[in-house]
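Below: one structure, written as structure tokens.
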Amino acid sequence: MHDDVHLTEGRVSRVLKERLWPAVHTTSAPVSVAWHELPGEPIAPAEGLGLTYEPFEVGSDWGPAWGTAWFRITGSVPAEWAGKRVELVCDLGFDVNMPGFQCEGLVYTPDGEPIKSLNPRNQWVLVADEAKGGEEIELFLEAAANPVLLDYHPFLPTQEGDIETSSKKKLYTTRRIELAVFEQDVFELCLDLETLHELQVELPEGPRKSRILQAIDDALDLVDLQRIRETAASAREALTGVLEATAHDSAHQIAAIGHAHIDSAWLWPVRETIRKVARTTSSMTELLGEDPDFRYGMSSAQQYAWLKEHRPEVYAKVKAAVAEGRFIPLGGMWVESDTTMPSGESLVRQFLYGQRFFEQEFGIRCRGVWLPDSFGYSPALPQLMKRAGFEWFFTQKISWNQVNRFPHHTFEWEGIDGSRILSHFPPMDTYNSRLSGAEVAKASRQFRENRVATGSIAPVGWGDGGGGTTREMAGKARRLRDLEGSAQVSWRHPDDFFAQAREELPEPPVWVGELYLELHRATLTSQHLTKQGNRRCEHLLVEAELWSATAALRGLVDYPYDELDALWQQILLQQFHDILPGTSIAWVHREAAAQYARVAEAAEALIERALGALAGEGTVALHADGRSGAVLAAEPVAAVSVVERDGTYVLGNGVVEVTVSADGLITSAVDLVTGRDAIPAGAEANLLQLHQDFPNMWDAWDVDRFYRNRVTDLREVTSIKITEDGLVIERPISPSSSTTQTLSLAPGSRVLDIAQSTEWHETEKFLKVAFPLDVRAEQTLAETQFGYHRRPTHTNTSWEAAKFETSMHRWVLASEPGFGVALINDSTYGFDVTRPTALTTEVRLSLLRAPRFPDPETDQGMQTHRYGLVIGASVEAATEAGAALNTPVRQITGAGAVEPLVTVSGEGLVVSSVKLAADRSGDLVVRVYESTGARTQGELRVAESFERVEEISLVEDPIAEVSADGGVVALSLGAFEVRTLRFHRN
């Protein structure tokens, strides 16, 4: 039996690959091809149709990297093809099997209507479903010569990732452009054989496997390989019996949804993503027309907005399909964003702008958050999803864990505040399923909740670079609907799957805390300018909303709704999970830096306009401090001194005293009230350390644990000098790289401020800065959205040991009862923690990396960081210091103090945002949260008069009326609770 199995498997594999699949299009007829190669960027389709075309011979080269060529294809259907299905078959030079990672195209009719895309797995375009014979055809093909950056030589540095450095050599050679007859029986036979062959591979020895093998042999015996078209139907008949055998009652149920997961930028720039979306959605609406059972889902309101703006003719088809309930908007977010690094307000805006777009354009709201490919998930998310009105959460990425296997597939995820949301991971471990026998069997076999639940989700289609579901996949779905030995596959809306899951699992298992991805940890550090731009712009936009709302409600300026919406949407786009994490090509990050500069300039202009209107004449210092809308800057309470003493340098301000050695390292940081020294005796802090950094895979994404095995402590000093700014330390990193640090104290502050400039010209290196602390911290607290992570510092289990690089926002705190030390930052997200001794804790901030793929020049050049040591810190002190570092005081000329629009009182309460309502009613929206992890009470006071107050959701839907007395609202919040209030104008 064993030998018979291998003989049949070898036979069917070869016949399918070498004879049957090629015979789907055998009878062919030539066409005439002309072309126009664009000298620069893509043009609108209407312009492309009107170009001047020159003759082109198939077999010729075309397309330098990132170039575009337009082809005009003309011909006539042979008369003898009457009654047959006729297709145009195009091979543009496809030599990588994955769609979306090399050349691709979109075909148009002469009147500019897009038909469908072309890629390595979709090389055909319908000409006539039932030809009359003699039809004249004219089609236009917009072809994109996107370079292969991943598949030939993964992870080798390349200059092809930016149009400014890419080569002008033509990359592709056309192989086939001709009319062909589509042989339906041959196509169906291929799918019959492939489905059965893949199924039997997964089956155990037994009657079902044996009968499938026998039926395959019988079918192949009936195929005349020289007369495939004529004998395909009879071969199919030999398979009828095994294909009609129905599935067992206990078969796993797979809810399939068409999918493409188009990365909004990655190994291609944003401008190319816009075209990828048009290509994929054209093909998917075409497939919806061909297969009445098929359903397709696409996330990211941004991608629909691109279609609406750039390809309205495609958007019209999508909108019609959405109305029919077959093209399904997913996720309710502006893009599939990273979720560890964006601020709380950014995640709120991802939901707000995403859901508002879907509601305004399609009249629907998404009921779930769809994030299959982000690199780990913040424990703040469950509350934010629930408070935005979502009912479920979907991802797949945690299956990529290096060490620990996640214990659930359908479960409730509990966040930092106790909120829970029903979540699902597909057990086939992919968001790009082809419905292969191996994938389907894996889903059945691996599903962790098999005892009590019946099914899982399968996102089906080519993804990342687009492409989507193919007719081959749809054909497999038909065969797997009810097939013995297989899971049962049906096209279903994810909402329906989650509703059934909720019924089957009334008490699902619970996972508490972050969904940490044990991979791609270096995404917290790669492409520092991108991360710095994100952090700066997040704060500026929130500040612009605050001052604009304050000025607008006092009748001084018009609230800049349009400007703020556009700026937010740009920042939300750049929080996509391959932009903000620093894993895209150079072109993407070059454009991101330019956009951050543009957004920052525009936000500053809005702030200046509002503050100018508020201030009038005089001088006032203002800042948004998390407790109120605007406050006067604190008066200095003590002088600051920087002196040289016995070969060391001492900085003091009456609150703390910091000693710096002749090597420029911190040897002591004393809280003068308690006498506690933050630095252990004999230890040195603010020590820059350089590691070799060459991960096993995924250069920009990964840092592997072994990076710690090789480290260079940077102790050499070029100079140390006292200036009016503080203590300035210059030190070399290598012959080509160096840093300059300025250490300073502000009057009355317990924060040692460190401003660092780094001239960075390293390769495959990782720069960290170490702070050994005289604190026995069993856990660290690291700020996340609207609260903090609590992480053990031990490595008792493999789960803790795997978290050797973790995330924070503006601060991380190590504390023991009675004393704590925090590190704050303005643009850093990664850090690590170790326990050098039982009584000490070392915290290191991750500053810079130098990976070479996909951007060989990552982080090269001048980079700036600002971070600080908070000596004697609590959660509240760390929160306040982190906010102050990221939102500095503004000194403006004006009439004097400006009364705050909003103030909050109560331990741990923080104002997150003050803005006007998204519906442009002029109502005031204020968001507050509890920051310390404790239940608390307090008051929120608004300086203007309002008719009534209500609590609203994060997407600004009404929840309940709230009592208010003279503009004062009593607050009672749970740990880390986020509350949003709407003040209705009179």
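Starting from 1 in every chain, residues are counted up; chains themselves are A, B, ... following the order of the structure tokens, and ligands are numbered from 1 as listed.
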Against segment 905-924 of chain A, which residues of segment 724-843 of chain A fall within 12 Å? For each one I want the closest pair of atoms and the distance in Å (one decimal), counting only C-alpha atoms, rows by chain and increasing residue number, as a tab-separated table.
residue	atom	partner	partner_atom	distance
A:Gln785	CA	A:Ser912	CA	10.2
A:Phe786	CA	A:Ser912	CA	8.2
A:Gly787	CA	A:Gly908	CA	10.1
Using only C-alpha atoms, what does the table of segment 500-616 of chain A residues within 12 Å of segment 457-477 of chain A look like, with each row giving the shortest atom pair and its distance in Å to one decimal, sorted by chain and ascending number, as a tab-separated table?
residue	atom	partner	partner_atom	distance
A:Gln500	CA	A:Ile457	CA	11.8
A:Ala501	CA	A:Ile457	CA	10.7
A:His577	CA	A:Asp464	CA	11.5
A:Asp578	CA	A:Asp464	CA	10.6
Can you spit out the residues from that selection as a PDB file, in the first residue's frame, using C-alpha atoms?
ATOM      1  CA  GLN A 500     -21.948  31.354  16.613  1.00  0.00           C
ATOM      2  CA  ALA A 501     -18.732  31.223  18.640  1.00  0.00           C
ATOM      3  CA  HIS A 577       2.152  48.117  10.922  1.00  0.00           C
ATOM      4  CA  ASP A 578       5.001  48.270   8.409  1.00  0.00           C
TER       5      ASP A 578
END
Check the DSSP output for the backbone and give back, as an NGL selection string, the residues of segment 471-592 of chain A in alpha helix (DSSP H).
-> :A and (471-479 or 494-504 or 528-553 or 561-573 or 586-592)
List the neighbours of segment 713-721 of chain A out to 12 Å using only C-alpha atoms; skip same-chain residues closer than 2 positions along the sequence, and give me the result as a PyMOL selection string.
-> chain A and resi 642-644+647-649+660-666+684-691+710-711+723-734+737-743+767-770
Fewer than 4 positions away in the same chain doesn't count, so skip those; otherwise give me all residues within 10 Å of Arg367 of chain A, counting only C-alpha atoms, as a PyMOL selection string.
-> chain A and resi 330-332+355+385+388-393+494-495+498
Using only C-alpha atoms, find the one residue out of A:Val270, A:Val557, A:Ala605, A:Ala453 that sits nearest to Gln574 of chain A.
-> A:Val270
Excluding same-chain residues fewer than 4 positions from His865 of chain A, what lies within 8 Å of it counting only C-alpha atoms, as an MDAnalysis selection string?
-> chainID A and resid 755:757 825:828 847
